[in-house]
Amino acid sequence: MTFFGLILQNVSARKLRATLTAVAVAIAVMAVMTLGILTTSLKATATEILQVGNADFSIAEKNQDILSSTISTEDLDAMRQVPGVGSLVGALIQTDRYDASHPGVIEVGLDPAAQKTFGVVLLQGQSYTPTSPNQVMLGYVLAQSIHKTVGDTLTMGGKVRQVVGIYRTNVSFGNSTMMFPLTTLQTENQLTGQVTLGFVKVAPGANKDVVAKEIDRRFVQYTAIQSAADYGRADRTLVLIEVANTGGTILAAVIAITGVLNTTLLSFFERTREFGVLRSIGWSRVRVLGLVLGEAVVMGFVGLMLGLVLGWVMVNVLQHVSQIEGYFDPTYDSATFVRALSFASAVVILGALYPALRAAFLAPLDALRRE
């Protein structure tokens, strides 16, 4: 029998121990995978909101949830006077329920004159008029999803609206939004003279880092956001989510390592004489160490596969949680599998290392004398 065959035989001979170890690893992998995908996806969605304006950087109120940020039009006018600012578009961003399948549609309030600068490309129909209370434009992805086209009506926020145009934006996220005249959305949300975000395009030849820092210096209540790394200066929510993700990963690792250690250590005590026999017939310490760790790796691999399946199920369940539906668009890539594989490998090795070392350094005579 080959060495690997012996490992498989030992694992199959102790089904209960193997199952408990695999389940411990699977639960931990599920937690890490789910938290990781949730955090990454929510951060990507939030960042896309900031990028949808076809700008070099965005302006938001400090220490506020991005969608709760408010910037006065007077401050926007003052920012336009900062050297190096080529254009600055203010947009009001809100969310509202359309139906059960679209519980959190992003609404964008934008002056029609700013649409081109904002990166809006009209595909069908025409733009709304600046003061129309009942006209709306739809991103083409949203229009397809709710089965609406130019000329149709829809009910949003308890009001009947007429679809006058279909558009696309420079960022895919924007194609799932709904656009209103700025004054209409301001009036309906009692935010007259206020916008949520400012989208800055610097003048030709200007350095966007310098312009952003100058706006930060002059307007201390706001912050310029150029990348996802800057996002936490405006919105602490994602920072807290990332902290929770880190804490959850550590907790899952501790639980999984404890589970692997417990089952492997119990197995060591049950097999003390076996290890003594192996050492007495000439097995080296390295070979015994490899046997115990090899068994743990096999059980960990089974747990990894099971954990990936459970993680996929959990992610799909979270997609239908009303509080985050519409904002959570999970992305699966090779990095997800690599992260799960690395986590499972580390958990298994750390959990099995102590029992494996004890088995490798057993004195054969002492082991054989144990009952």
# chains A, B, ... in the order shown; residues from 1 in each chain; ligands from 1
$ select_by_dssp --residues "segment 127-298 of chain A" --states "strand (DSSP E)" --output "PyMOL selection string"
chain A and resi 135-139+153-156+159-168+178-180+194-195+197-202+222-225
$ write_last_selection --atoms "N, CA and C atoms" --output "tab-separated table (two decimals), in the first residue's frame"
chain	number	residue	atom	x	y	z
A	135	GLN	N	-41.81	63.38	-15.05
A	135	GLN	CA	-41.01	62.73	-16.07
A	135	GLN	C	-39.80	62.03	-15.44
A	136	VAL	N	-39.39	60.92	-16.05
A	136	VAL	CA	-38.29	60.14	-15.51
A	136	VAL	C	-37.54	59.49	-16.67
A	137	MET	N	-36.24	59.26	-16.47
A	137	MET	CA	-35.43	58.52	-17.41
A	137	MET	C	-34.92	57.25	-16.72
A	138	LEU	N	-34.73	56.18	-17.49
A	138	LEU	CA	-34.30	54.90	-16.94
A	138	LEU	C	-32.98	54.45	-17.55
A	139	GLY	N	-32.10	53.94	-16.72
A	139	GLY	CA	-30.93	53.24	-17.24
A	139	GLY	C	-31.41	52.01	-17.99
A	153	THR	N	-45.64	54.30	-18.52
A	153	THR	CA	-45.74	54.95	-17.21
A	153	THR	C	-45.35	53.94	-16.14
A	154	LEU	N	-44.91	54.46	-15.02
A	154	LEU	CA	-44.58	53.61	-13.87
A	154	LEU	C	-44.94	54.37	-12.60
A	155	THR	N	-45.13	53.62	-11.53
A	155	THR	CA	-45.45	54.22	-10.24
A	155	THR	C	-44.25	54.10	-9.32
A	156	MET	N	-43.75	55.23	-8.85
A	156	MET	CA	-42.57	55.27	-7.99
A	156	MET	C	-42.82	56.30	-6.91
A	159	LYS	N	-46.22	57.98	-6.88
A	159	LYS	CA	-46.59	58.89	-7.96
A	159	LYS	C	-46.41	58.23	-9.31
A	160	VAL	N	-47.29	58.57	-10.22
A	160	VAL	CA	-47.22	58.02	-11.58
A	160	VAL	C	-46.24	58.86	-12.40
A	161	ARG	N	-45.28	58.21	-13.03
A	161	ARG	CA	-44.27	58.90	-13.83
A	161	ARG	C	-44.33	58.41	-15.28
A	162	GLN	N	-43.92	59.27	-16.18
A	162	GLN	CA	-43.83	58.89	-17.59
A	162	GLN	C	-42.36	58.73	-17.97
A	163	VAL	N	-42.05	57.59	-18.59
A	163	VAL	CA	-40.69	57.33	-19.04
A	163	VAL	C	-40.47	58.09	-20.35
A	164	VAL	N	-39.52	59.06	-20.32
A	164	VAL	CA	-39.29	59.87	-21.51
A	164	VAL	C	-37.97	59.52	-22.21
A	165	GLY	N	-37.10	58.78	-21.52
A	165	GLY	CA	-35.82	58.45	-22.13
A	165	GLY	C	-35.17	57.24	-21.49
A	166	ILE	N	-34.32	56.58	-22.29
A	166	ILE	CA	-33.51	55.44	-21.83
A	166	ILE	C	-32.05	55.84	-22.05
A	167	TYR	N	-31.19	55.59	-21.06
A	167	TYR	CA	-29.80	56.04	-21.13
A	167	TYR	C	-28.83	54.96	-20.66
A	168	ARG	N	-27.57	55.23	-20.92
A	168	ARG	CA	-26.48	54.46	-20.33
A	168	ARG	C	-25.47	55.44	-19.74
A	178	MET	N	-32.33	55.23	-11.91
A	178	MET	CA	-33.49	55.97	-12.42
A	178	MET	C	-33.18	57.45	-12.23
A	179	MET	N	-33.41	58.28	-13.24
A	179	MET	CA	-32.98	59.67	-13.19
A	179	MET	C	-34.18	60.63	-13.25
A	180	PHE	N	-34.14	61.63	-12.37
A	180	PHE	CA	-35.20	62.63	-12.25
A	180	PHE	C	-34.61	64.03	-12.44
A	194	GLN	N	-30.04	71.31	-1.93
A	194	GLN	CA	-29.06	70.35	-1.44
A	194	GLN	C	-28.83	69.26	-2.48
A	195	VAL	N	-27.61	68.76	-2.52
A	195	VAL	CA	-27.29	67.57	-3.32
A	195	VAL	C	-26.57	66.58	-2.42
A	197	LEU	N	-23.83	64.40	-3.63
A	197	LEU	CA	-22.42	64.31	-4.02
A	197	LEU	C	-22.09	65.35	-5.08
A	198	GLY	N	-20.86	65.75	-5.11
A	198	GLY	CA	-20.35	66.59	-6.19
A	198	GLY	C	-19.35	65.80	-7.01
A	199	PHE	N	-19.40	65.93	-8.34
A	199	PHE	CA	-18.52	65.18	-9.23
A	199	PHE	C	-17.64	66.17	-9.99
A	200	VAL	N	-16.34	66.11	-9.72
A	200	VAL	CA	-15.40	67.12	-10.21
A	200	VAL	C	-14.59	66.58	-11.38
A	201	LYS	N	-14.54	67.36	-12.44
A	201	LYS	CA	-13.65	67.12	-13.57
A	201	LYS	C	-12.66	68.26	-13.58
A	202	VAL	N	-11.36	67.96	-13.47
A	202	VAL	CA	-10.37	69.04	-13.39
A	202	VAL	C	-10.14	69.63	-14.78
A	222	TYR	N	-16.23	68.79	4.11
A	222	TYR	CA	-16.35	67.84	3.00
A	222	TYR	C	-15.02	67.13	2.77
A	223	THR	N	-15.05	66.08	1.98
A	223	THR	CA	-13.82	65.38	1.63
A	223	THR	C	-13.84	64.96	0.18
A	224	ALA	N	-12.69	65.01	-0.46
A	224	ALA	CA	-12.54	64.58	-1.85
A	224	ALA	C	-12.20	63.08	-1.86
A	225	ILE	N	-12.90	62.35	-2.69
A	225	ILE	CA	-12.71	60.90	-2.76
A	225	ILE	C	-12.25	60.53	-4.16
$ closest_residue --among "A:Asn170, A:Thr73, A:Thr192, A:Ser342" --to "Gln115 of chain A" --atoms "only C-alpha atoms"
A:Asn170
$ select_by_dssp --residues "segment 67-222 of chain A" --states "helix (DSSP H, G or I)" --output "ChimeraX atom specification"
/A:67-68,73-79,112-118,140-145,172-176,182-188,208-218
$ closest_residue --among "A:Ile93, A:Ala55, A:Met79, A:Val85" --to "Val171 of chain A" --atoms "only C-alpha atoms"
A:Ala55
$ closest_residue --among "A:Ala359, A:Ala203, A:Val286, A:Met30" --to "Gly248 of chain A" --atoms "only C-alpha atoms"
A:Met30
$ closest_residue --among "A:Ile349, A:Leu362, A:Leu35, A:Leu67" --to "Ser284 of chain A" --atoms "only C-alpha atoms"
A:Leu362
